[in-house]
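> My structure is in my_file.tsv, and what it holds is TSV, C-alpha atoms:
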chain	number	residue	atom	x	y	z
L	17	MET	CA	245.67	-24.20	-51.83
L	18	ARG	CA	242.96	-26.10	-53.69
L	19	PRO	CA	243.36	-29.74	-54.68
L	20	LEU	CA	244.74	-30.01	-58.20
L	21	ASP	CA	241.54	-31.53	-59.52
L	22	GLN	CA	239.82	-28.25	-58.69
L	23	GLN	CA	242.38	-26.07	-60.44
L	24	VAL	CA	242.52	-24.46	-63.88
L	25	ILE	CA	246.13	-23.86	-64.96
L	26	LEU	CA	247.39	-21.96	-68.02
L	27	VAL	CA	250.81	-23.04	-69.33
L	28	THR	CA	252.36	-20.96	-72.10
L	29	GLY	CA	254.73	-22.64	-74.53
L	30	ALA	CA	253.10	-26.02	-74.01
L	31	THR	CA	253.62	-27.66	-77.41
L	32	ASP	CA	257.02	-29.11	-76.57
L	33	GLY	CA	259.78	-29.36	-73.99
L	34	LEU	CA	259.17	-28.22	-70.45
L	35	GLY	CA	255.72	-26.81	-71.17
L	36	LYS	CA	254.38	-30.03	-72.65
L	37	GLY	CA	256.01	-32.10	-69.92
L	38	LEU	CA	254.43	-29.86	-67.33
L	39	ALA	CA	251.02	-30.11	-69.01
L	40	ILE	CA	251.24	-33.91	-68.89
L	41	ASP	CA	252.26	-33.89	-65.23
L	42	LEU	CA	249.47	-31.53	-64.16
L	43	ALA	CA	246.77	-33.19	-66.28
L	44	ALA	CA	247.73	-36.61	-64.92
L	45	ARG	CA	247.17	-35.26	-61.43
L	46	GLY	CA	243.68	-34.00	-62.24
L	47	ALA	CA	244.12	-30.34	-63.15
L	48	THR	CA	242.30	-28.63	-65.99
L	49	VAL	CA	245.19	-27.55	-68.21
L	50	LEU	CA	245.06	-24.78	-70.80
L	51	LEU	CA	247.85	-25.31	-73.31
L	52	HIS	CA	249.22	-22.35	-75.25
L	53	GLY	CA	251.38	-22.26	-78.35
L	54	ARG	CA	251.69	-20.40	-81.64
L	55	ASP	CA	250.88	-23.16	-84.15
L	56	ASP	CA	247.51	-24.88	-84.37
L	57	ARG	CA	248.93	-28.04	-85.94
L	58	ARG	CA	251.47	-28.49	-83.16
L	59	GLY	CA	248.79	-27.57	-80.64
L	60	ALA	CA	246.52	-30.34	-81.86
L	61	ALA	CA	249.41	-32.80	-81.65
L	62	ALA	CA	250.26	-31.68	-78.12
L	63	LEU	CA	246.65	-31.99	-76.99
L	64	ASP	CA	246.50	-35.49	-78.41
L	65	GLU	CA	249.76	-36.46	-76.71
L	66	VAL	CA	248.68	-35.10	-73.33
L	67	ARG	CA	245.28	-36.77	-73.67
L	68	GLN	CA	246.79	-40.13	-74.55
L	69	ALA	CA	249.39	-39.92	-71.79
L	70	THR	CA	246.92	-38.97	-69.05
L	71	GLY	CA	243.42	-39.97	-70.15
L	72	SER	CA	242.31	-36.43	-69.30
L	73	ASP	CA	239.61	-34.65	-71.23
L	74	ARG	CA	240.03	-31.48	-69.17
L	75	LEU	CA	242.26	-29.79	-71.72
L	76	ALA	CA	241.98	-26.72	-73.93
L	77	TRP	CA	244.13	-25.14	-76.63
L	78	TYR	CA	244.93	-21.43	-77.10
L	79	ARG	CA	246.95	-20.07	-80.01
L	80	ALA	CA	248.91	-16.83	-79.83
L	81	ASP	CA	252.24	-15.62	-81.18
L	82	LEU	CA	253.85	-13.95	-78.17
L	83	SER	CA	255.99	-11.75	-80.41
L	84	SER	CA	252.79	-9.78	-81.05
L	85	LEU	CA	251.38	-7.83	-78.13
L	86	GLY	CA	248.04	-7.73	-79.90
L	87	GLN	CA	247.91	-11.52	-79.89
L	88	VAL	CA	248.90	-11.57	-76.20
L	89	ARG	CA	245.95	-9.31	-75.42
L	90	ALA	CA	243.65	-11.52	-77.48
L	91	LEU	CA	244.93	-14.61	-75.62
L	92	ALA	CA	244.16	-13.04	-72.26
L	93	ASP	CA	240.72	-11.95	-73.43
L	94	GLN	CA	239.91	-15.43	-74.70
L	95	VAL	CA	240.96	-17.10	-71.45
L	96	ILE	CA	238.90	-14.60	-69.44
L	97	ASN	CA	235.91	-15.20	-71.70
L	98	ASP	CA	236.18	-18.99	-71.43
L	99	HIS	CA	236.91	-19.46	-67.73
L	100	ARG	CA	235.35	-18.07	-64.58
L	101	GLN	CA	238.47	-19.00	-62.60
L	102	VAL	CA	242.18	-19.53	-63.27
L	103	HIS	CA	244.28	-20.74	-60.35
L	104	ALA	CA	247.76	-20.75	-61.84
L	105	LEU	CA	249.56	-18.99	-64.68
L	106	VAL	CA	252.88	-20.45	-65.82
L	107	ASN	CA	254.83	-18.03	-68.01
L	108	ASN	CA	257.01	-20.67	-69.65
L	109	ALA	CA	257.15	-19.76	-73.35
L	110	GLY	CA	260.44	-18.34	-74.49
L	111	ILE	CA	263.25	-18.31	-77.04
L	112	GLY	CA	266.96	-18.92	-76.55
L	113	SER	CA	270.08	-16.93	-77.24
L	114	THR	CA	270.54	-18.32	-80.76
L	115	VAL	CA	267.18	-19.89	-81.65
L	116	PRO	CA	265.57	-18.45	-83.68
L	117	GLY	CA	267.82	-16.32	-85.88
L	118	GLY	CA	271.22	-17.78	-85.13
L	119	GLY	CA	272.00	-15.07	-82.61
L	120	GLU	CA	271.25	-12.18	-84.96
L	121	ARG	CA	269.25	-9.24	-83.67
L	122	GLN	CA	265.57	-9.49	-84.55
L	123	GLU	CA	262.51	-7.42	-83.74
L	124	SER	CA	259.00	-8.35	-82.69
L	125	ALA	CA	255.85	-7.39	-84.55
L	126	ASP	CA	255.77	-4.26	-82.38
L	127	GLY	CA	259.37	-3.27	-83.11
L	128	HIS	CA	260.93	-4.44	-79.84
L	129	GLU	CA	264.05	-6.60	-79.51
L	130	LEU	CA	262.67	-10.09	-80.01
L	131	ARG	CA	264.02	-11.90	-76.93
L	132	PHE	CA	262.99	-9.09	-74.60
L	133	ALA	CA	259.56	-9.07	-76.25
L	134	VAL	CA	258.84	-12.82	-76.17
L	135	ASN	CA	260.62	-13.86	-72.97
L	136	TYR	CA	259.58	-10.89	-70.86
L	137	LEU	CA	257.16	-8.32	-72.29
L	138	ALA	CA	254.60	-10.94	-73.35
L	139	GLY	CA	254.54	-12.44	-69.85
L	140	HIS	CA	254.33	-9.00	-68.27
L	141	LEU	CA	251.30	-8.11	-70.39
L	142	LEU	CA	249.60	-11.50	-70.08
L	143	THR	CA	250.02	-11.49	-66.31
L	144	ARG	CA	248.66	-7.98	-65.99
L	145	ARG	CA	245.64	-8.75	-68.15
L	146	LEU	CA	244.85	-11.94	-66.21
L	147	LEU	CA	245.54	-10.49	-62.77
L	148	PRO	CA	241.94	-9.58	-61.89
L	149	LEU	CA	240.85	-13.14	-62.74
L	150	LEU	CA	243.70	-14.66	-60.71
L	151	VAL	CA	242.90	-12.47	-57.71
L	152	ALA	CA	239.22	-13.39	-57.96
L	153	SER	CA	240.25	-17.08	-58.09
L	154	ALA	CA	242.59	-16.90	-55.07
L	155	PRO	CA	244.38	-18.79	-53.74
L	156	ALA	CA	246.32	-18.64	-57.00
L	157	ARG	CA	249.92	-18.76	-58.15
L	158	ILE	CA	252.01	-17.19	-60.89
L	159	VAL	CA	255.20	-19.00	-61.87
L	160	ASN	CA	257.74	-17.34	-64.17
L	161	VAL	CA	260.13	-19.77	-65.83
L	162	SER	CA	263.35	-17.78	-65.84
L	163	SER	CA	266.99	-18.89	-65.82
L	164	ILE	CA	270.10	-18.73	-63.70
L	165	GLY	CA	271.64	-17.06	-66.76
L	166	GLN	CA	270.94	-13.41	-65.97
L	167	ALA	CA	272.49	-10.10	-66.98
L	168	PRO	CA	271.83	-6.53	-65.76
L	169	ILE	CA	269.61	-4.39	-67.95
L	170	ASP	CA	271.23	-1.33	-69.54
L	171	PHE	CA	268.33	1.09	-69.39
L	172	ASP	CA	270.08	3.36	-71.89
L	173	ASP	CA	269.90	0.61	-74.52
L	174	VAL	CA	267.34	-1.98	-73.45
L	175	MET	CA	266.71	-3.01	-77.06
L	176	LEU	CA	270.43	-3.61	-77.64
L	177	THR	CA	270.78	-1.46	-80.75
L	178	ARG	CA	274.47	-0.72	-80.11
L	179	GLY	CA	276.33	-4.01	-80.45
L	180	TYR	CA	273.88	-6.88	-80.22
L	181	SER	CA	274.55	-10.11	-78.34
L	182	GLY	CA	272.04	-12.94	-78.29
L	183	VAL	CA	273.39	-14.07	-74.93
L	184	GLN	CA	272.97	-10.59	-73.42
L	185	ALA	CA	269.47	-10.34	-74.91
L	186	TYR	CA	268.45	-13.70	-73.44
L	187	CYS	CA	270.04	-13.11	-70.05
L	188	GLN	CA	268.59	-9.62	-69.55
L	189	SER	CA	265.13	-10.89	-70.51
L	190	LYS	CA	265.44	-13.61	-67.87
L	191	LEU	CA	266.54	-11.13	-65.20
L	192	ALA	CA	263.59	-8.92	-66.17
L	193	GLN	CA	261.29	-11.85	-65.32
L	194	VAL	CA	262.79	-12.07	-61.84
L	195	MET	CA	262.51	-8.31	-61.34
L	196	MET	CA	258.84	-8.48	-62.32
L	197	THR	CA	258.39	-11.36	-59.87
L	198	ILE	CA	259.76	-9.41	-56.92
L	199	ASP	CA	257.88	-6.25	-57.84
L	200	LEU	CA	254.56	-8.02	-58.36
L	201	ALA	CA	254.86	-10.09	-55.17
L	202	ALA	CA	254.93	-6.90	-53.09
L	203	GLU	CA	251.93	-5.53	-54.96
L	204	LEU	CA	249.93	-8.74	-54.47
L	205	ALA	CA	250.64	-9.15	-50.75
L	206	GLY	CA	247.40	-10.01	-48.97
L	207	THR	CA	245.48	-10.95	-52.11
L	208	GLY	CA	246.05	-14.70	-51.91
L	209	VAL	CA	248.02	-14.66	-55.17
L	210	THR	CA	251.72	-15.52	-55.00
L	211	VAL	CA	254.36	-15.09	-57.70
L	212	ASN	CA	257.72	-16.81	-57.91
L	213	ALA	CA	260.39	-17.41	-60.55
L	214	LEU	CA	262.74	-20.30	-61.13
L	215	HIS	CA	265.60	-21.75	-63.07
L	216	PRO	CA	264.00	-25.17	-63.65
L	217	ALA	CA	267.13	-27.08	-64.71
L	218	THR	CA	270.31	-26.55	-66.71
L	219	TYR	CA	270.15	-27.08	-70.48
L	220	MET	CA	267.17	-29.41	-70.69
L	221	PRO	CA	266.58	-31.26	-73.99
L	222	THR	CA	264.36	-28.69	-75.71
L	223	LYS	CA	264.34	-27.12	-79.16
L	224	ILE	CA	266.44	-24.15	-77.96
L	225	VAL	CA	269.20	-26.28	-76.40
L	226	ALA	CA	271.94	-27.87	-78.53
L	227	SER	CA	273.76	-29.85	-75.80
L	228	PRO	CA	271.45	-30.97	-72.96
L	229	ILE	CA	272.78	-31.48	-69.44
L	230	SER	CA	269.70	-31.93	-67.22
L	231	SER	CA	266.71	-34.14	-67.91
L	232	LEU	CA	263.34	-32.73	-68.84
L	233	GLU	CA	261.87	-34.57	-65.85
L	234	GLU	CA	264.09	-32.56	-63.51
L	235	GLY	CA	262.74	-29.29	-64.88
L	236	VAL	CA	259.14	-30.50	-64.79
L	237	ARG	CA	259.55	-31.60	-61.17
L	238	ALA	CA	260.98	-28.23	-60.09
L	239	THR	CA	258.34	-26.19	-61.92
L	240	SER	CA	255.47	-28.36	-60.76
L	241	HIS	CA	256.78	-27.98	-57.21
L	242	LEU	CA	256.19	-24.21	-57.37
L	243	ILE	CA	252.68	-24.70	-58.72
L	244	THR	CA	251.47	-27.47	-56.44
L	245	GLU	CA	253.51	-27.71	-53.23
L	246	ALA	CA	251.35	-26.89	-50.18
L	247	ASP	CA	254.42	-25.88	-48.16
L	248	LEU	CA	254.83	-22.91	-50.53
L	249	ASP	CA	251.47	-21.37	-49.59
L	250	GLY	CA	252.23	-17.71	-48.90
L	251	VAL	CA	255.77	-17.87	-50.32
L	252	SER	CA	256.11	-15.08	-52.85
L	253	GLY	CA	258.72	-12.93	-54.57
L	254	GLU	CA	261.38	-15.64	-54.54
L	255	PHE	CA	263.78	-16.98	-57.14
L	256	PHE	CA	264.44	-20.72	-57.09
L	257	ASN	CA	267.29	-22.71	-58.58
L	258	GLY	CA	265.45	-25.98	-59.10
L	259	MET	CA	263.60	-26.51	-55.83
L	260	THR	CA	265.97	-24.44	-53.71
L	261	ALA	CA	265.56	-20.74	-52.94
L	262	ALA	CA	268.48	-18.87	-54.50
L	263	ARG	CA	269.90	-15.41	-55.07
L	264	ALA	CA	269.26	-13.70	-58.41
L	265	ASN	CA	271.45	-11.07	-60.06
L	266	GLU	CA	271.86	-8.09	-57.74
L	267	GLN	CA	269.94	-5.74	-60.02
L	268	ALA	CA	266.80	-7.70	-59.17
L	269	TYR	CA	266.96	-6.32	-55.61
L	270	ASP	CA	267.35	-2.69	-56.67
L	271	PRO	CA	263.92	-1.01	-56.22
L	272	VAL	CA	264.88	1.87	-58.52
L	273	ALA	CA	265.79	-0.53	-61.33
L	274	ARG	CA	262.60	-2.49	-60.81
L	275	ARG	CA	260.53	0.68	-60.97
L	276	ARG	CA	262.31	1.75	-64.17
L	277	LEU	CA	261.57	-1.65	-65.68
L	278	ARG	CA	257.94	-1.57	-64.59
L	279	ASP	CA	257.41	1.92	-66.04
L	280	LEU	CA	259.13	0.99	-69.30
L	281	SER	CA	257.18	-2.26	-69.57
L	282	ASP	CA	253.85	-0.57	-68.96
L	283	GLN	CA	254.72	2.01	-71.58
L	284	LEU	CA	255.80	-0.54	-74.20
L	285	THR	CA	252.75	-2.78	-73.64
L	286	GLY	CA	250.19	0.00	-73.50
L	287	LEU	CA	249.46	-0.48	-69.80
L	288	ALA	CA	250.84	2.89	-68.74
L	289	ARG	CA	248.31	5.18	-67.15
L	290	PRO	CA	247.77	8.54	-68.89
Show me the file's structure as structure tokens.

Amino acid sequence: MRPLDQQVILVTGATDGLGKGLAIDLAARGATVLLHGRDDRRGAAALDEVRQATGSDRLAWYRADLSSLGQVRALADQVINDHRQVHALVNNAGIGSTVPGGGERQESADGHELRFAVNYLAGHLLTRRLLPLLVASAPARIVNVSSIGQAPIDFDDVMLTRGYSGVQAYCQSKLAQVMMTIDLAAELAGTGVTVNALHPATYMPTKIVASPISSLEEGVRATSHLITEADLDGVSGEFFNGMTAARANEQAYDPVARRRLRDLSDQLTGLARP
């Protein structure tokens, strides 16, 4: 892997919580950090905070609402236009089981169940759009910030139209991230690009957590470990609980389920081949 001061790293959801903490950690260690969020005012504040905390001027801001697939595509296009290389993509942005909406079912701009759309489909599309750039920049890493809270996907009702549960919506979106991780790792074997997922820490103090248990620093340390640790060169397709390799929900290891998810995801995001 390259030294951090030679790396360009995109972190989604970087205006608060884990994403902002991660941006500060990486910038302080010399990386060029691309911060993403959905609000320009909060983005400017985050940039200023990271700059003041680290002294780094190797920072950039990208705005996109991940509940809109059109904005996800525009985000990818802008990053590709601005940078000849990207060495790490951290799919961190997400929403919880009750925030926003108080646990009520909501839909994205494209008509998809909101948690599935933001937590999973956006990362699927962004990763796919940036994949040629990541491969060309290899060695490179993709890190999907998932959760140990996972639930099997009911492929007969992925959008949860028959009896909605915010917890089910959140947990199936997080399992979908792990399934994508395993599927993509096999596809990328030999390219120099690795992809792993993790549960960074339990109930960190972020805007989607009412009663924190773990510290933000614990989550930053675990996520940064997957991005920067030299001992993880070549490690791909794994799910980590903190910094320890762990076992995900069993559906993640079902190749038929993963293929169904991949086909559905490509169809919903417009990536499906004619």
> Rank L:Leu50, L:Ala44, L:Val183, L:Leu191 by their smallest atom-to-atom distance to L:Ala69, using only C-alpha atoms, and report the top residue only.
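With only C-alpha atoms as the atom set, the closest residue is L:Ala44.
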> Just how far from atom CA of L:Glu245 is atom CA of L:Ala262, in Å to one decimal?
17.4 Å
> Take the point (263.7, -24.4, -51.6) as written in the file and pick out every residue within 12 Å of it, counting all atoms listed in the file; give the list as a count of residues only.
22
> What does the distance from atom CA of L:Ala185 to atom CA of L:Glu233 come to in Å, to one decimal?
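Separating atom CA of L:Ala185 from atom CA of L:Glu233 is a distance of 27.0 Å.
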> Hey, which of L:Val174, L:Val209, L:Ala156, L:Val27 ends up closest to L:His128? Count all atoms listed in the file.
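Residue with the minimum atom-to-atom distance to L:His128: L:Val174.
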> Measuring atom to atom with only C-alpha atoms, identify which of L:Glu234, L:Asp249, L:Glu203, L:Asp41 is nearest to L:Thr218.
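Looking at the shortest contact to L:Thr218, the residue is L:Glu234.
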> Smallest atom-to-atom distance to L:Leu232: which of L:Pro216, L:Leu141, L:Pro155, L:Val88, using only C-alpha atoms?
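Of all the options, L:Pro216 lies closest to L:Leu232.
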> Neighbouring residues of L:Gly127 were defined as those with any atom within 12 Å, considering all atoms listed in the file; residues of the same chain fewer than 6 positions away were excluded. Please report them as a PyMOL selection string.
chain L and resi 83-85+121+133-134+175+177+284-285
> Suppose you want the space between atom CA of L:Ser240 and atom CA of L:Ser72; what is it in Å?
17.6 Å
> For L:Leu75, list every protein, DNA or RNA residue within 12 Å, evaluated using all atoms listed in the file, and leave out those in the same chain fewer than 6 positions away; present the list as a PyMOL selection string.
chain L and resi 23-27+30+39-40+42-44+46-52+59-60+62-68
> Filtering to C-alpha atoms, could you give me those residues as a tab-separated table (two decimals), in the frame of the given file?

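Okay, result-v5.tsv is ready:
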chain	number	residue	atom	x	y	z
L	23	GLN	CA	242.38	-26.07	-60.44
L	24	VAL	CA	242.52	-24.46	-63.88
L	25	ILE	CA	246.13	-23.86	-64.96
L	26	LEU	CA	247.39	-21.96	-68.02
L	27	VAL	CA	250.81	-23.04	-69.33
L	30	ALA	CA	253.10	-26.02	-74.01
L	39	ALA	CA	251.02	-30.11	-69.01
L	40	ILE	CA	251.24	-33.91	-68.89
L	42	LEU	CA	249.47	-31.53	-64.16
L	43	ALA	CA	246.77	-33.19	-66.28
L	44	ALA	CA	247.73	-36.61	-64.92
L	46	GLY	CA	243.68	-34.00	-62.24
L	47	ALA	CA	244.12	-30.34	-63.15
L	48	THR	CA	242.30	-28.63	-65.99
L	49	VAL	CA	245.19	-27.55	-68.21
L	50	LEU	CA	245.06	-24.78	-70.80
L	51	LEU	CA	247.85	-25.31	-73.31
L	52	HIS	CA	249.22	-22.35	-75.25
L	59	GLY	CA	248.79	-27.57	-80.64
L	60	ALA	CA	246.52	-30.34	-81.86
L	62	ALA	CA	250.26	-31.68	-78.12
L	63	LEU	CA	246.65	-31.99	-76.99
L	64	ASP	CA	246.50	-35.49	-78.41
L	65	GLU	CA	249.76	-36.46	-76.71
L	66	VAL	CA	248.68	-35.10	-73.33
L	67	ARG	CA	245.28	-36.77	-73.67
L	68	GLN	CA	246.79	-40.13	-74.55
